[in-house]
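Chemist: This structure is in structure tokens; I'll ask about it shortly.
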Amino acid sequence: MAAKLILSGYDGRMGRMLRETVQDDPEWEIAAGFEQCEMPGAEVPVFSAGDLSAAPKADVVIDFSHFTFTRALLGYCRAAKIPAVLATTALGEEELSAVREAAREIAVFRSANMSLGVNLMAKMAKMAVPALERDFDIEIIEKHHNKKADAPSGTAILLADAVNEAASEKKGYVYGRSGKDAARARGDLGIHAVRAGTIPGQHTLLFAGPDEVIEITHTVYSRRVFALGALSAARFLLGKAPGLYTMDDLLESAD
């Protein structure tokens with residue numbers, strides 16, 4: 001029997017991609033959607049923020065909406081006892097606090113990037129940093145489409161945090177450089193954002209040392225990557241006890 005999911009952000013870019021991805025997948029059935037406003041004529045019932053309690057029972061929620069909806073969504077999930085996969089980025093401290101509180105009652109999976117490749121890249125960063133940090137400068141360059149509003153990307157911060165987790169000397173994040181006094185200081189970790197065209201997402205982790213450079217780059221060619229990752233996370237959450245889960249948990253379960 002197919003697992004039933006509710007798709008939050010039903011009509012957004014990622015919502016449409018996820019709907020397309022599960023269309024012929026017998027493992028999943030989209031039972032309902034959440035959007036800013038109701039959508040009469042949609043293939044499944046779509047509920048607005050003020051009407052979430054009317055949604056049908058489901059096995060899991062996948063959220064590709066907007067950070068301003070996070071607290072309302074988690075309130076619904078807690079009341080309905082439904083696990084949640086949070087793929088929405090740009091969460092602030094208020095939203096993260098709501099995530100931690102919800103995780104005491106339900107299973108919550110959160111990642112700034114649903115790509116398995118990006119999360120493996122973060123693991124590679126943790127392996128490289130101890131060997132390189134003494135003599136190598138570390139920079140992150142991220143590229144996205146010209147409609148992406150937030151910068152730097154959540155994935156760039158995910159990678160920067162992975163670097164700092166493994167570093168013996170914690171780095172200070174420097175967001176771009178300009179002016180006549182922009183020389184690099186020891187302990188800087190530069191993070192640079194490019195917004196252009198229709199680039200779905202590219203992240204480069206750069207280690208530059210004396211006379212040699214190492215680059216680890218992950219490039220996305222289709223948003224389907226994130227849909228597949230979110231479905232893997234949703235599958236992982238089914239039957240899980242309350243708690244906050246991450247891509248590290250998912251990757252370790254596959255070992």
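Just so we're on the same page: first chain in the structure tokens is A, next is B, and so on; residues restart at 1 for each chain, and ligands are numbered from 1 in the order they show up.
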Write out as a PyMOL selection string which residues come within 10 Å of Thr21 (chain A) when counting only C-alpha atoms, dropping same-chain ones fewer than 2 positions away.

Modeler: chain A and resi 15-19+23-25+28+224-225+227-228+231

Chemist: Could those selected residues go to a file with all heavy atoms, as a short mmCIF file (atom, residue, chain, number, x, y, z; two decimals), in the first residue's frame?

Modeler:
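After the write, again_7.cif holds the following:
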```
data_model
loop_
_atom_site.label_atom_id
_atom_site.label_comp_id
_atom_site.auth_asym_id
_atom_site.auth_seq_id
_atom_site.Cartn_x
_atom_site.Cartn_y
_atom_site.Cartn_z
N GLY A 15 7.40 21.97 -5.28
CA GLY A 15 6.15 21.23 -5.15
C GLY A 15 5.75 20.59 -6.46
O GLY A 15 5.38 19.41 -6.51
N ARG A 16 5.84 21.35 -7.54
CA ARG A 16 5.49 20.80 -8.85
C ARG A 16 6.46 19.69 -9.25
O ARG A 16 6.06 18.68 -9.83
CB ARG A 16 5.48 21.91 -9.89
CG ARG A 16 4.35 22.92 -9.66
CD ARG A 16 4.16 23.83 -10.86
NE ARG A 16 5.29 24.73 -11.06
CZ ARG A 16 5.40 25.92 -10.51
NH1 ARG A 16 4.45 26.37 -9.69
NH2 ARG A 16 6.45 26.69 -10.75
N MET A 17 7.74 19.87 -8.94
CA MET A 17 8.72 18.84 -9.27
C MET A 17 8.46 17.56 -8.49
O MET A 17 8.56 16.45 -9.02
CB MET A 17 10.14 19.36 -9.00
CG MET A 17 11.24 18.32 -9.22
SD MET A 17 11.23 17.60 -10.88
CE MET A 17 11.81 19.01 -11.85
N LEU A 18 8.13 17.68 -7.20
CA LEU A 18 7.87 16.50 -6.41
C LEU A 18 6.61 15.78 -6.90
O LEU A 18 6.58 14.55 -6.97
CB LEU A 18 7.75 16.85 -4.92
CG LEU A 18 7.85 15.63 -4.00
CD1 LEU A 18 8.63 15.98 -2.74
CD2 LEU A 18 6.48 15.12 -3.61
N ARG A 19 5.59 16.55 -7.27
CA ARG A 19 4.37 15.93 -7.81
C ARG A 19 4.69 15.15 -9.08
O ARG A 19 4.20 14.03 -9.28
CB ARG A 19 3.33 17.02 -8.10
CG ARG A 19 2.64 17.54 -6.85
CD ARG A 19 2.14 18.96 -7.00
NE ARG A 19 1.31 19.13 -8.17
CZ ARG A 19 0.97 20.33 -8.67
NH1 ARG A 19 1.40 21.44 -8.08
NH2 ARG A 19 0.20 20.42 -9.72
N GLN A 23 4.49 10.86 -9.56
CA GLN A 23 3.29 10.59 -10.38
C GLN A 23 3.11 9.11 -10.69
O GLN A 23 2.01 8.57 -10.62
CB GLN A 23 3.36 11.40 -11.68
CG GLN A 23 2.06 11.44 -12.44
CD GLN A 23 2.11 12.47 -13.56
OE1 GLN A 23 3.17 12.84 -14.05
NE2 GLN A 23 0.95 12.93 -13.98
N ASP A 24 4.19 8.44 -11.05
CA ASP A 24 4.10 7.02 -11.43
C ASP A 24 4.81 6.12 -10.43
O ASP A 24 5.22 5.01 -10.77
CB ASP A 24 4.70 6.82 -12.83
CG ASP A 24 3.96 7.62 -13.89
OD1 ASP A 24 2.71 7.59 -13.87
OD2 ASP A 24 4.61 8.27 -14.72
N ASP A 25 4.95 6.61 -9.19
CA ASP A 25 5.64 5.84 -8.16
C ASP A 25 4.60 5.18 -7.26
O ASP A 25 3.91 5.86 -6.50
CB ASP A 25 6.55 6.76 -7.33
CG ASP A 25 7.44 6.00 -6.36
OD1 ASP A 25 7.13 4.83 -6.06
OD2 ASP A 25 8.44 6.58 -5.89
N TRP A 28 4.24 5.97 -3.28
CA TRP A 28 3.75 7.21 -2.68
C TRP A 28 2.42 7.63 -3.28
O TRP A 28 2.15 7.44 -4.46
CB TRP A 28 4.76 8.35 -2.89
CG TRP A 28 6.05 8.13 -2.19
CD1 TRP A 28 7.23 7.71 -2.74
CD2 TRP A 28 6.30 8.29 -0.80
NE1 TRP A 28 8.20 7.60 -1.79
CE2 TRP A 28 7.66 7.96 -0.58
CE3 TRP A 28 5.53 8.69 0.29
CZ2 TRP A 28 8.25 8.00 0.67
CZ3 TRP A 28 6.12 8.74 1.54
CH2 TRP A 28 7.46 8.40 1.72
N ARG A 224 14.92 17.78 -9.67
CA ARG A 224 14.48 16.43 -9.33
C ARG A 224 15.38 15.82 -8.25
O ARG A 224 14.94 15.00 -7.45
CB ARG A 224 14.48 15.56 -10.59
CG ARG A 224 13.89 14.17 -10.40
CD ARG A 224 13.67 13.49 -11.75
NE ARG A 224 13.07 12.19 -11.58
CZ ARG A 224 13.76 11.05 -11.47
NH1 ARG A 224 15.08 11.08 -11.55
NH2 ARG A 224 13.15 9.89 -11.30
N VAL A 225 16.66 16.22 -8.23
CA VAL A 225 17.60 15.75 -7.21
C VAL A 225 17.04 16.01 -5.82
O VAL A 225 17.09 15.14 -4.93
CB VAL A 225 18.95 16.46 -7.38
CG1 VAL A 225 19.84 16.25 -6.16
CG2 VAL A 225 19.66 15.99 -8.64
N ALA A 227 13.87 16.59 -4.98
CA ALA A 227 12.64 15.82 -4.78
C ALA A 227 12.96 14.40 -4.36
O ALA A 227 12.36 13.85 -3.42
CB ALA A 227 11.80 15.84 -6.05
N LEU A 228 13.92 13.77 -5.03
CA LEU A 228 14.30 12.40 -4.69
C LEU A 228 14.90 12.34 -3.29
O LEU A 228 14.62 11.40 -2.53
CB LEU A 228 15.30 11.87 -5.72
CG LEU A 228 14.75 11.62 -7.12
CD1 LEU A 228 15.87 11.31 -8.09
CD2 LEU A 228 13.73 10.49 -7.11
N LEU A 231 12.09 12.57 -0.73
CA LEU A 231 11.35 11.31 -0.64
C LEU A 231 12.16 10.26 0.14
O LEU A 231 11.60 9.48 0.91
CB LEU A 231 11.01 10.79 -2.04
CG LEU A 231 9.94 11.60 -2.79
CD1 LEU A 231 9.85 11.16 -4.24
CD2 LEU A 231 8.58 11.48 -2.10
#
```

Chemist: Considering only C-alpha atoms, give me a table of residues in region 176-204 of chain A that are at most 12 Å from region 164-170 of chain A, with the closest atom pair and distance in Å for each, as a Markdown table.

Modeler:
```
| residue | atom | partner | partner_atom | distance |
| --- | --- | --- | --- | --- |
| A:Arg186 | CA | A:Glu169 | CA | 10.0 |
| A:Gly187 | CA | A:Lys170 | CA | 7.0 |
| A:Asp188 | CA | A:Lys170 | CA | 9.0 |
| A:Leu189 | CA | A:Asn164 | CA | 9.2 |
```

Chemist: Near region 93-108 of chain A, within 8 Å and counting only C-alpha atoms, which residues show up once chain neighbours fewer than 4 positions away are dropped, as a list in words?

Modeler: Phe67, Thr70, Arg71, Leu74, Gly75, Cys77, Arg78, Lys81, Ile82, Pro83, Ala84, Val85, Leu86, Leu237, Lys240, Ala241, Pro242, Gly243, Leu244 and Tyr245 of chain A

Chemist: Restricting it to C-alpha atoms, dump the selection as a PDB file, in the first residue's frame.

Modeler:
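New file part_23.pdb:
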```
ATOM      1  CA  PHE A  67      10.092  29.810   6.279  1.00  0.00           C
ATOM      2  CA  THR A  70       7.187  26.726   9.323  1.00  0.00           C
ATOM      3  CA  ARG A  71       5.678  27.337  12.744  1.00  0.00           C
ATOM      4  CA  LEU A  74       4.810  22.232  12.742  1.00  0.00           C
ATOM      5  CA  GLY A  75       1.812  23.103  14.882  1.00  0.00           C
ATOM      6  CA  CYS A  77       2.091  18.144  12.499  1.00  0.00           C
ATOM      7  CA  ARG A  78       2.266  18.071  16.286  1.00  0.00           C
ATOM      8  CA  LYS A  81       1.093  13.361  15.164  1.00  0.00           C
ATOM      9  CA  ILE A  82       2.560  13.325  11.644  1.00  0.00           C
ATOM     10  CA  PRO A  83       6.338  13.328  10.990  1.00  0.00           C
ATOM     11  CA  ALA A  84       7.697  16.193   8.920  1.00  0.00           C
ATOM     12  CA  VAL A  85      10.479  16.588   6.365  1.00  0.00           C
ATOM     13  CA  LEU A  86      11.563  20.238   6.349  1.00  0.00           C
ATOM     14  CA  LEU A 237      11.080   8.961   8.857  1.00  0.00           C
ATOM     15  CA  LYS A 240      10.681   6.781  13.595  1.00  0.00           C
ATOM     16  CA  ALA A 241      10.447   7.888  17.218  1.00  0.00           C
ATOM     17  CA  PRO A 242      10.210  11.624  18.013  1.00  0.00           C
ATOM     18  CA  GLY A 243      13.473  13.449  17.487  1.00  0.00           C
ATOM     19  CA  LEU A 244      15.396  15.705  15.138  1.00  0.00           C
ATOM     20  CA  TYR A 245      16.989  13.801  12.261  1.00  0.00           C
TER      21      TYR A 245
END
```

Chemist: Please provide the set of residues having any atom within 8 Å of region 210-216 of chain A, restricted to only C-alpha atoms, with same-chain residues fewer than 5 positions apart removed, written as number ranges by chain.

Modeler: A: 121, 135-136, 204-205

Chemist: Store the residues picked out above, limited to C-alpha atoms, as a PDB file, in the first residue's frame.

Modeler:
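Contents of the output file selection_23.pdb:
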```pdb
ATOM      1  CA  MET A 121      30.351  16.761   0.047  1.00  0.00           C
ATOM      2  CA  ASP A 135      48.403  25.834   5.262  1.00  0.00           C
ATOM      3  CA  PHE A 136      45.301  26.242   3.082  1.00  0.00           C
ATOM      4  CA  THR A 204      32.336  24.803  -4.768  1.00  0.00           C
ATOM      5  CA  LEU A 205      34.483  24.235  -1.705  1.00  0.00           C
TER       6      LEU A 205
END
```

Chemist: Could you write out, as a ChimeraX atom specification, all the residues of region 16-252 of chain A that DSSP marks as strand (DSSP E)?

Modeler: /A:28-34,46-47,60-63,84-86,107-110,137-144,172-175,188-195,201-209,212-220,243-245

Chemist: Using Å and a single decimal, report how far CA of Ala151 (chain A) sits from CA of Asp181 (chain A).

Modeler: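 Interatomic distance here is 22.7 Å.
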
Chemist: Report the distance between CA of Ala49 (chain A) and CA of Tyr76 (chain A) in Å, rounded to one decimal place.

Modeler: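 Taking CA of Ala49 (chain A) and CA of Tyr76 (chain A), their separation equals 9.8 Å.
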
Chemist: Met1 (chain A): which residues within 9 Å, counting only C-alpha atoms, same-chain residues fewer than 2 positions away excluded, as a list in words?

Modeler: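 Skipping anything fewer than 2 positions along the chain leaves Ala3, Pro26, Glu27 and Trp28 of chain A.
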
Chemist: Those residues you just picked out, can you put them in a file as a PDB file, in the first residue's frame with all heavy atoms?

Modeler:
```pdb
ATOM      1  N   ALA A   3       2.339   4.869   0.729  1.00  0.00           N
ATOM      2  CA  ALA A   3       2.365   5.786   1.866  1.00  0.00           C
ATOM      3  C   ALA A   3       1.767   7.116   1.429  1.00  0.00           C
ATOM      4  O   ALA A   3       2.031   7.601   0.320  1.00  0.00           O
ATOM      5  CB  ALA A   3       3.789   5.975   2.355  1.00  0.00           C
ATOM      6  N   PRO A  26       4.480   3.849  -7.306  1.00  0.00           N
ATOM      7  CA  PRO A  26       3.453   3.171  -6.495  1.00  0.00           C
ATOM      8  C   PRO A  26       3.730   3.237  -4.999  1.00  0.00           C
ATOM      9  O   PRO A  26       2.852   2.896  -4.196  1.00  0.00           O
ATOM     10  CB  PRO A  26       3.525   1.728  -7.003  1.00  0.00           C
ATOM     11  CG  PRO A  26       4.914   1.563  -7.536  1.00  0.00           C
ATOM     12  CD  PRO A  26       5.282   2.906  -8.098  1.00  0.00           C
ATOM     13  N   GLU A  27       4.925   3.694  -4.618  1.00  0.00           N
ATOM     14  CA  GLU A  27       5.269   3.749  -3.197  1.00  0.00           C
ATOM     15  C   GLU A  27       4.633   4.941  -2.494  1.00  0.00           C
ATOM     16  O   GLU A  27       4.482   4.939  -1.276  1.00  0.00           O
ATOM     17  CB  GLU A  27       6.791   3.815  -3.058  1.00  0.00           C
ATOM     18  CG  GLU A  27       7.287   3.669  -1.633  1.00  0.00           C
ATOM     19  CD  GLU A  27       8.802   3.636  -1.544  1.00  0.00           C
ATOM     20  OE1 GLU A  27       9.473   3.612  -2.592  1.00  0.00           O
ATOM     21  OE2 GLU A  27       9.322   3.635  -0.409  1.00  0.00           O
ATOM     22  N   TRP A  28       4.244   5.970  -3.279  1.00  0.00           N
ATOM     23  CA  TRP A  28       3.752   7.212  -2.683  1.00  0.00           C
ATOM     24  C   TRP A  28       2.415   7.635  -3.276  1.00  0.00           C
ATOM     25  O   TRP A  28       2.151   7.438  -4.457  1.00  0.00           O
ATOM     26  CB  TRP A  28       4.755   8.349  -2.889  1.00  0.00           C
ATOM     27  CG  TRP A  28       6.052   8.127  -2.186  1.00  0.00           C
ATOM     28  CD1 TRP A  28       7.229   7.711  -2.744  1.00  0.00           C
ATOM     29  CD2 TRP A  28       6.302   8.289  -0.799  1.00  0.00           C
ATOM     30  NE1 TRP A  28       8.204   7.601  -1.785  1.00  0.00           N
ATOM     31  CE2 TRP A  28       7.659   7.955  -0.579  1.00  0.00           C
ATOM     32  CE3 TRP A  28       5.529   8.685   0.286  1.00  0.00           C
ATOM     33  CZ2 TRP A  28       8.251   8.002   0.675  1.00  0.00           C
ATOM     34  CZ3 TRP A  28       6.121   8.738   1.540  1.00  0.00           C
ATOM     35  CH2 TRP A  28       7.458   8.398   1.721  1.00  0.00           C
TER      36      TRP A  28
END
```

Chemist: For the atom pair CA of Leu251 (chain A) and CA of Gly172 (chain A), what is the interatomic distance in Å to one decimal place?

Modeler: 28.4 Å

Chemist: DSSP says helix (DSSP H, G or I) for which residues of region 30-234 of chain A? Put them as JSON, numbers by chain?

Modeler: {"A": [49, 50, 51, 52, 53, 54, 67, 68, 69, 70, 71, 72, 73, 74, 75, 76, 77, 78, 79, 80, 93, 94, 95, 96, 97, 98, 99, 100, 101, 102, 116, 117, 118, 119, 120, 121, 122, 123, 124, 125, 126, 127, 128, 129, 130, 131, 132, 154, 155, 156, 157, 158, 159, 160, 161, 162, 163, 164, 165, 166, 224, 225, 226, 227, 228, 229, 230, 231, 232, 233, 234]}
